[in-house]
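What follows is the content of coords_34.txt (compact mmCIF, C-alpha atoms).
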# COMPACT_ATOMS: atom_id res chain seq x y z
CA MET A 837 94.29 210.11 206.69
CA PRO A 838 93.15 206.45 206.87
CA GLU A 839 96.70 205.45 207.71
CA ALA A 840 96.84 208.06 210.48
CA VAL A 841 93.63 206.72 212.02
CA ALA A 842 94.78 203.10 211.75
CA HIS A 843 98.09 204.07 213.32
CA GLU A 844 96.26 205.74 216.22
CA VAL A 845 94.03 202.67 216.70
CA ALA A 846 97.06 200.38 216.74
CA GLU A 847 98.94 202.60 219.15
CA VAL A 848 96.05 202.79 221.63
CA ALA A 849 95.46 199.03 221.40
CA ARG A 850 99.13 198.30 221.97
CA GLU A 851 99.40 200.69 224.92
CA THR A 852 96.24 199.32 226.50
CA MET A 853 97.29 195.68 226.23
CA GLU A 854 100.65 196.55 227.68
CA LYS A 855 99.32 198.52 230.66
CA LEU A 856 96.19 196.49 231.36
CA ALA A 857 97.44 192.97 230.75
CA PHE A 858 101.24 193.09 230.34
CA VAL A 859 100.82 191.69 226.83
CA PHE A 860 103.24 193.13 224.29
CA ALA A 861 102.26 193.57 220.68
CA LEU A 862 103.86 194.44 217.37
CA ASP A 863 102.22 195.99 214.32
CA GLU A 864 101.38 193.65 211.50
CA PRO A 865 100.17 194.75 208.08
CA ALA A 866 96.36 194.66 207.99
CA ALA A 867 96.55 192.46 204.92
CA ALA A 868 98.50 189.78 206.75
CA SER A 869 97.04 186.32 206.58
CA PRO A 870 94.30 185.67 209.14
CA PRO A 871 95.19 183.75 212.29
CA THR A 872 94.94 180.00 212.03
CA ASP A 873 93.10 179.56 215.33
CA PRO A 874 89.56 180.81 216.04
CA GLU A 875 88.98 184.36 217.14
CA HIS A 876 87.01 185.73 220.08
CA ARG A 877 85.28 188.94 219.09
CA VAL A 878 83.85 191.76 221.19
CA GLN A 879 82.09 194.90 220.00
CA VAL A 880 81.66 198.20 221.83
CA ALA A 881 79.14 200.68 220.45
CA PHE A 882 79.57 204.37 221.16
CA ARG A 883 77.59 207.54 220.62
CA GLY A 884 78.42 211.21 220.95
CA PRO A 885 79.67 213.63 218.30
CA ARG A 886 79.96 210.51 216.12
CA ARG A 887 78.28 207.13 216.42
CA GLY A 888 80.05 203.92 215.71
CA MET A 889 81.49 200.72 217.00
CA LEU A 890 84.88 199.29 217.87
CA GLU A 891 85.52 195.60 217.37
CA VAL A 892 88.38 193.74 219.02
CA ALA A 893 89.15 190.21 217.90
CA LEU A 894 91.70 188.10 219.71
CA SER A 895 92.92 184.71 218.60
CA ALA A 896 91.99 181.90 220.96
CA GLY A 897 95.61 181.17 221.80
CA ALA A 898 96.20 184.67 223.12
CA LEU A 899 93.12 185.06 225.29
CA PRO A 900 94.09 182.85 228.28
CA GLU A 901 97.33 184.72 228.93
CA LEU A 902 95.65 188.10 228.56
CA ALA A 903 92.88 187.18 231.01
CA ALA A 904 95.27 185.56 233.50
CA ASN A 905 97.51 188.62 233.50
CA MET A 906 94.59 190.96 234.04
CA LEU A 907 93.31 188.91 236.97
CA GLY A 908 96.74 188.15 238.42
CA VAL A 909 96.21 184.41 238.09
CA GLU A 910 99.32 182.29 237.52
CA ASN A 911 97.64 179.39 235.75
CA PRO A 912 95.38 180.50 232.87
CA SER A 913 93.55 177.16 232.94
CA GLU A 914 92.05 178.16 236.31
CA LEU A 915 89.92 180.76 234.55
CA SER A 916 86.43 180.04 233.31
CA ALA A 917 85.28 180.85 229.79
CA ASP A 918 83.15 183.66 231.25
CA GLU A 919 86.13 185.21 233.02
CA ARG A 920 88.15 185.10 229.80
CA THR A 921 85.36 186.69 227.83
CA ASP A 922 84.89 189.35 230.50
CA ALA A 923 88.60 190.16 230.26
CA LEU A 924 88.29 190.66 226.50
CA ARG A 925 85.18 192.80 226.99
CA GLU A 926 87.07 195.03 229.41
CA LEU A 927 90.05 195.24 227.06
CA ALA A 928 87.76 196.42 224.26
CA ASN A 929 86.07 198.89 226.60
CA VAL A 930 89.38 200.44 227.67
CA ILE A 931 90.72 200.59 224.11
CA CYS A 932 87.54 202.31 222.93
CA GLY A 933 87.47 204.76 225.84
CA ASN A 934 91.07 205.76 225.25
CA LEU A 935 90.80 205.89 221.47
CA LEU A 936 87.85 208.26 221.06
CA PRO A 937 89.45 211.38 222.61
CA ARG A 938 92.60 210.70 220.59
CA LEU A 939 90.53 210.74 217.40
CA PHE A 940 87.90 213.35 218.17
CA GLY A 941 89.55 215.62 220.71
CA GLU A 942 89.52 215.87 224.52
CA ASN A 943 86.32 217.92 224.68
CA ALA A 944 84.17 215.37 222.87
CA GLU A 945 81.79 213.55 225.23
CA PHE A 946 80.97 209.98 224.27
CA THR A 947 78.82 207.33 225.90
CA LEU A 948 80.03 203.77 225.54
CA GLY A 949 77.69 200.82 225.38
CA THR A 950 78.24 197.59 227.26
CA PRO A 951 80.81 195.49 225.38
CA VAL A 952 79.13 192.56 223.66
CA ALA A 953 80.85 189.24 222.95
CA LEU A 954 79.92 187.71 219.59
CA ARG A 955 79.26 184.05 219.04
CA GLU A 956 82.08 182.22 217.33
CA ASP A 957 79.94 181.64 214.26
CA ALA A 958 78.80 185.28 214.00
CA PRO A 959 79.31 186.53 210.45
CA GLU A 960 82.00 189.01 209.60
CA GLY A 961 80.89 192.61 209.20
CA ALA A 962 80.12 193.88 205.75
CA GLY A 963 83.37 195.81 205.67
CA GLY A 964 83.72 199.55 205.48
CA ALA A 965 85.87 199.91 208.57
CA ALA A 966 87.30 203.39 209.07
CA ALA A 967 90.38 201.71 210.48
CA ASP A 968 91.59 198.13 210.51
CA CYS A 969 94.77 197.11 212.27
CA ARG A 970 96.30 193.83 213.28
CA LEU A 971 98.82 193.34 216.05
CA ALA A 972 101.06 190.31 216.45
CA LEU A 973 101.17 188.84 219.94
CA GLU A 974 103.38 186.14 221.41
CA ASN A 975 100.56 183.59 221.32
CA GLY A 976 98.46 184.81 218.43
CA ALA A 977 97.09 188.01 217.02
CA CYS A 978 94.72 190.84 217.79
CA ARG A 979 92.66 192.70 215.22
CA VAL A 980 91.01 196.02 215.99
CA ARG A 981 88.50 197.62 213.65
CA LEU A 982 86.75 200.96 213.98
CA PHE A 983 83.40 201.50 212.28
CA LEU A 984 81.81 204.94 212.00
CA GLU A 985 78.18 205.52 211.09
CA GLY A 986 77.85 207.50 207.93
CA GLY A 987 81.34 206.49 206.95
CA GLY A 988 84.06 209.05 206.74
CA LEU A 989 86.91 209.62 209.09
CA PRO A 990 87.39 211.57 212.30
CA GLY A 991 87.43 215.32 211.86
CA GLY A 992 87.25 216.56 215.42
CA GLY A 993 90.74 217.84 215.93
CA GLY A 994 92.19 214.73 217.49
CA ARG A 995 95.73 213.50 217.02
CA ALA A 996 94.88 211.49 213.92
CA GLU A 997 93.77 214.63 212.18
CA GLU A 998 96.84 216.51 213.33
CA GLY A 999 98.97 213.67 211.96
CA ALA A 1000 97.17 213.80 208.65
CA ALA A 1001 97.72 217.54 208.40
CA SER A 1002 101.44 217.33 209.01
CA MET B 935 90.37 201.76 261.46
CA ALA B 936 89.44 199.32 258.71
CA VAL B 937 87.97 200.91 255.59
CA ASN B 938 84.84 199.37 254.08
CA VAL B 939 84.94 199.68 250.30
CA LEU B 940 82.29 199.58 247.59
CA ILE B 941 83.49 198.84 244.03
CA VAL B 942 80.94 199.57 241.30
CA ASP B 943 81.81 198.41 237.78
CA ASP B 944 79.92 196.27 235.27
CA SER B 945 83.05 194.23 234.57
CA GLY B 946 83.83 191.49 237.08
CA VAL B 947 87.40 191.44 235.82
CA MET B 948 87.82 195.15 236.49
CA ARG B 949 86.27 194.81 239.95
CA ALA B 950 88.81 192.07 240.69
CA MET B 951 91.66 194.22 239.36
CA ILE B 952 90.61 197.18 241.51
CA ARG B 953 90.26 194.98 244.57
CA LYS B 954 93.73 193.52 244.02
CA ALA B 955 95.22 197.00 243.57
CA ILE B 956 93.57 198.15 246.82
CA GLU B 957 94.97 195.13 248.66
CA LEU B 958 98.44 195.94 247.28
CA SER B 959 98.11 199.58 248.36
CA GLY B 960 98.45 198.74 252.03
CA LEU B 961 95.05 200.20 252.90
CA SER B 962 93.63 198.84 256.14
CA LEU B 963 90.82 197.01 254.40
CA GLY B 964 87.54 196.04 256.01
CA GLU B 965 84.58 194.70 254.07
CA VAL B 966 84.67 194.82 250.28
CA HIS B 967 81.28 195.14 248.58
CA GLN B 968 80.77 194.95 244.83
CA ALA B 969 78.01 196.07 242.49
CA GLU B 970 77.65 195.94 238.73
CA ASN B 971 75.78 199.22 238.23
CA GLY B 972 74.94 202.43 240.03
CA ARG B 973 71.51 201.33 241.21
CA ALA B 974 72.90 198.18 242.83
CA GLY B 975 75.64 200.34 244.34
CA LEU B 976 73.07 202.66 245.94
CA GLU B 977 71.25 199.66 247.41
CA ILE B 978 74.48 198.55 249.07
CA LEU B 979 75.00 202.07 250.42
CA GLU B 980 71.52 201.87 251.97
CA SER B 981 72.24 198.59 253.73
CA SER B 982 75.95 198.73 254.62
CA TRP B 983 78.42 201.10 256.21
CA ILE B 984 80.72 202.21 253.38
CA ASP B 985 83.81 204.41 253.83
CA LEU B 986 85.04 204.56 250.24
CA VAL B 987 83.36 204.21 246.84
CA LEU B 988 85.15 203.41 243.59
CA VAL B 989 82.84 203.71 240.62
CA ASP B 990 82.98 203.37 236.83
CA ILE B 991 81.15 205.79 234.51
CA ASN B 992 79.77 203.74 231.63
CA MET B 993 77.47 201.09 233.09
CA PRO B 994 74.03 199.78 232.17
CA VAL B 995 70.91 200.48 234.30
CA MET B 996 72.47 203.43 236.16
CA ASN B 997 75.79 204.96 235.17
CA GLY B 998 78.43 206.37 237.49
CA GLU B 999 77.51 210.03 237.00
CA GLU B 1000 73.90 209.27 237.93
CA MET B 1001 74.98 207.29 240.98
CA ILE B 1002 77.23 210.12 242.17
CA ALA B 1003 74.42 212.64 241.63
CA ALA B 1004 72.09 210.43 243.69
CA MET B 1005 74.75 210.17 246.42
CA HIS B 1006 75.19 213.94 246.50
CA ALA B 1007 71.44 214.40 246.85
CA ARG B 1008 71.58 212.47 250.10
CA GLU B 1009 73.11 214.16 253.12
CA ASP B 1010 74.24 210.84 254.59
CA PHE B 1011 76.03 209.74 251.39
CA ARG B 1012 77.38 213.10 250.22
CA SER B 1013 80.57 213.00 252.26
CA ILE B 1014 81.63 209.46 251.39
CA PRO B 1015 85.02 209.69 249.63
CA THR B 1016 84.48 208.69 246.01
CA VAL B 1017 86.90 207.81 243.21
CA VAL B 1018 85.81 207.45 239.61
CA VAL B 1019 87.82 204.75 237.83
CA SER B 1020 86.99 205.00 234.15
CA THR B 1021 88.19 205.13 230.57
CA GLU B 1022 86.49 208.52 230.33
CA GLY B 1023 88.55 210.81 228.13
CA SER B 1024 86.40 213.92 227.90
CA ARG B 1025 88.18 216.74 229.69
CA SER B 1026 84.91 218.59 230.31
CA ARG B 1027 83.20 215.55 231.88
CA ILE B 1028 86.24 214.82 234.07
CA GLU B 1029 86.36 218.44 235.24
CA ARG B 1030 82.63 218.34 235.99
CA LEU B 1031 83.15 215.26 238.13
CA GLU B 1032 86.18 216.69 239.92
CA THR B 1033 84.31 219.91 240.61
CA SER B 1034 81.66 217.85 242.37
CA GLY B 1035 84.33 216.62 244.75
CA VAL B 1036 85.23 213.18 243.43
CA ARG B 1037 88.67 212.02 242.37
CA PHE B 1038 89.36 210.56 238.95
CA ILE B 1039 91.61 207.68 237.91
CA HIS B 1040 91.97 206.85 234.25
CA LYS B 1041 91.91 203.23 233.03
CA PRO B 1042 94.29 201.56 232.52
CA PHE B 1043 95.76 202.54 235.88
CA SER B 1044 98.79 201.40 237.83
CA PRO B 1045 98.50 200.11 241.43
CA GLU B 1046 100.77 203.01 242.42
CA LYS B 1047 98.34 205.55 240.96
CA LEU B 1048 95.48 204.03 242.93
CA ARG B 1049 97.55 203.90 246.13
CA ASP B 1050 98.64 207.53 245.81
CA THR B 1051 95.09 208.70 245.11
CA LEU B 1052 93.68 206.80 248.10
CA ARG B 1053 96.44 208.05 250.41
CA ASP B 1054 95.75 211.60 249.32
CA LEU B 1055 92.00 211.16 249.73
CA LEU B 1056 91.86 209.15 252.97
CA GLY B 1057 95.09 210.12 254.73
CA SER B 1058 98.03 207.92 255.59
CA GLU B 1059 96.61 206.86 258.98
CA VAL B 1060 94.37 204.23 257.34
CA PHE B 1061 97.35 202.58 255.65
CA HIS B 1062 99.68 200.00 257.11
CA ALA B 1063 103.10 201.43 257.86

Output the file's structure as structure tokens, nothing else.
Amino acid sequence: MPEAVAHEVAEVARETMEKLAFVFALDEPAAASPPTDPEHRVQVAFRGPRRGMLEVALSAGALPELAANMLGVENPSELSADERTDALRELANVICGNLLPRLFGENAEFTLGTPVALREDAPEGAGGAAADCRLALENGACRVRLFLEGGGLPGGGGRAEEGAAS
Amino acid sequence: MAVNVLIVDDSGVMRAMIRKAIELSGLSLGEVHQAENGRAGLEILESSWIDLVLVDINMPVMNGEEMIAAMHAREDFRSIPTVVVSTEGSRSRIERLETSGVRFIHKPFSPEKLRDTLRDLLGSEVFHA
């Protein structure tokens, strides 16, 4: 079951980066060594049948290309830090919005909070992610973690559960 | 006829992406107004002539569903063609929105999807040949 959820998270993240920003990603084992450059982190809280939070972390080297592609700007250096952060916030928002029905079923109604960018020196979470996946990108890496209040894993009839049952 | 557009989304990046996709669609574009939540969007509707609204669902202050409900409560705003552009995945919420007369485009979307939806909604006469 945890593997099925992590697989679903990775698949949604990969599809979203591809469609939203033309950035192509490959799966990496979650235990792979952390990226050597700093990470930009964004969190999206959600509530509905389950409450929780999705965190997307992108290595600094990958963010300019992602933001430039989303905005259709040829030279990533033209973008401000705010524009880059906003691009990452929107990426996290779209990943979260597409992930929840895949995990909890198409009839589940969720409300998403405004994506929040964390300061670079913000401490790591205390662990306990329901899913943790890392994707390799051309210019860095992306890590996506799903946290669910009360722990446990999705049980709402989404694809992850179907995968676990098969 | 040039079409005046209002884009309501709390993400500046997404507003820019939608605007670019509209420009690529060949729509005869007039003024483009932007707002970062439903309340600000309603204020623009009060002060400007708007022919098309594109609105997100999840936004602070006033979300897209609330903005659409407020529009439908007003006779002068009710008939403005409206497209929800959102990550919303709940089938029941999407059906509720579509029943109220708005179109729905799921994020991430392609420029072609937006173009086809706008052509269907507004008619081909407001597009460049």

ask   = Once you count only C-alpha atoms, which residues of chain B turn out to be within 10 Å of chain A? Could you give them as a PyMOL selection string?
value = chain B and resi 944-952+954+991-994+1020-1028+1040-1044

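Interatomic distance, atom CA of A:Ala842 against atom CA of A:Gly884: 20.4 Å.
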
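Interatomic distance, atom CA of A:Leu939 against atom CA of A:Val980: 14.8 Å.
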
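Using all atoms listed in the file, the nearest neighbour of B:Arg953 within the list B:Ala1004, B:Leu979, B:Val966, B:Val987 is B:Val966.
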
remark   = From atom CA of A:Ala881 to atom CA of A:Ala898 the spacing works out at 23.5 Å

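Using only C-alpha atoms, the shortest contact distance between B:Ala955 and any of B:Val1060, B:Pro1045, B:Pro1015, B:Arg1053 is found at B:Pro1045.
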
query = B:Gly1035: which residues within 12 Å, counting all atoms listed in the file, same-chain residues fewer than 5 positions away excluded, as JSON, numbers by chain?
reply = {"B": [1002, 1003, 1005, 1006, 1012, 1013, 1014, 1015, 1016, 1017, 1018, 1028, 1029, 1030, 1055]}

request  = Within 12 Å of A:Ala966, counting all atoms listed in the file, which residues show up once you throw out same-chain ones fewer than 4 positions away? Write them as a ChimeraX atom specification, please.
outcome  = /A:837-845,888-891,939,980-990

ask   = Residues at most 12 Å from B:Ala1007, counting all atoms listed in the file, excluding those fewer than 6 positions away in the same chain, as a PyMOL selection string?
value = chain B and resi 976+1000-1001+1013+1034

Extract, using only C-alpha atoms, all DNA, RNA and protein residues at most 8 Å from A:Val952, discarding same-chain residues fewer than 6 positions from it, and format them as a short mmCIF file (atom, residue, chain, number, x, y, z; two decimals) with C-alpha atoms, in the frame of the given file.
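Once everything was written out, this is out_16.cif:
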data_model
loop_
_atom_site.label_atom_id
_atom_site.label_comp_id
_atom_site.auth_asym_id
_atom_site.auth_seq_id
_atom_site.Cartn_x
_atom_site.Cartn_y
_atom_site.Cartn_z
CA VAL A 878 83.85 191.76 221.19
CA GLN A 879 82.09 194.90 220.00
CA VAL A 880 81.66 198.20 221.83
CA ARG A 925 85.18 192.80 226.99
#

task = Give as a ChimeraX atom specification the set of residues within 10 Å of the point (92.7, 192.5, 218.4), where distances use the file's coordinates and all atoms listed in the file.
result = /A:846,849-850,853,861,875-878,891-895,898,924,927-928,968-973,976-981

I need the residues from that last selection saved to file as a PDB file, in the coordinates of the input (with C-alpha atoms), if you can.
ATOM      1  CA  ALA A 846      97.060 200.380 216.740  1.00  0.00           C
ATOM      2  CA  ALA A 849      95.460 199.030 221.400  1.00  0.00           C
ATOM      3  CA  ARG A 850      99.130 198.300 221.970  1.00  0.00           C
ATOM      4  CA  MET A 853      97.290 195.680 226.230  1.00  0.00           C
ATOM      5  CA  ALA A 861     102.260 193.570 220.680  1.00  0.00           C
ATOM      6  CA  GLU A 875      88.980 184.360 217.140  1.00  0.00           C
ATOM      7  CA  HIS A 876      87.010 185.730 220.080  1.00  0.00           C
ATOM      8  CA  ARG A 877      85.280 188.940 219.090  1.00  0.00           C
ATOM      9  CA  VAL A 878      83.850 191.760 221.190  1.00  0.00           C
ATOM     10  CA  GLU A 891      85.520 195.600 217.370  1.00  0.00           C
ATOM     11  CA  VAL A 892      88.380 193.740 219.020  1.00  0.00           C
ATOM     12  CA  ALA A 893      89.150 190.210 217.900  1.00  0.00           C
ATOM     13  CA  LEU A 894      91.700 188.100 219.710  1.00  0.00           C
ATOM     14  CA  SER A 895      92.920 184.710 218.600  1.00  0.00           C
ATOM     15  CA  ALA A 898      96.200 184.670 223.120  1.00  0.00           C
ATOM     16  CA  LEU A 924      88.290 190.660 226.500  1.00  0.00           C
ATOM     17  CA  LEU A 927      90.050 195.240 227.060  1.00  0.00           C
ATOM     18  CA  ALA A 928      87.760 196.420 224.260  1.00  0.00           C
ATOM     19  CA  ASP A 968      91.590 198.130 210.510  1.00  0.00           C
ATOM     20  CA  CYS A 969      94.770 197.110 212.270  1.00  0.00           C
ATOM     21  CA  ARG A 970      96.300 193.830 213.280  1.00  0.00           C
ATOM     22  CA  LEU A 971      98.820 193.340 216.050  1.00  0.00           C
ATOM     23  CA  ALA A 972     101.060 190.310 216.450  1.00  0.00           C
ATOM     24  CA  LEU A 973     101.170 188.840 219.940  1.00  0.00           C
ATOM     25  CA  GLY A 976      98.460 184.810 218.430  1.00  0.00           C
ATOM     26  CA  ALA A 977      97.090 188.010 217.020  1.00  0.00           C
ATOM     27  CA  CYS A 978      94.720 190.840 217.790  1.00  0.00           C
ATOM     28  CA  ARG A 979      92.660 192.700 215.220  1.00  0.00           C
ATOM     29  CA  VAL A 980      91.010 196.020 215.990  1.00  0.00           C
ATOM     30  CA  ARG A 981      88.500 197.620 213.650  1.00  0.00           C
TER      31      ARG A 981
END

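Using all atoms listed in the file, the smallest distance between any of B:Trp983, B:Arg1008, B:Ser959, B:Leu940 and B:Phe1061 comes from B:Ser959.
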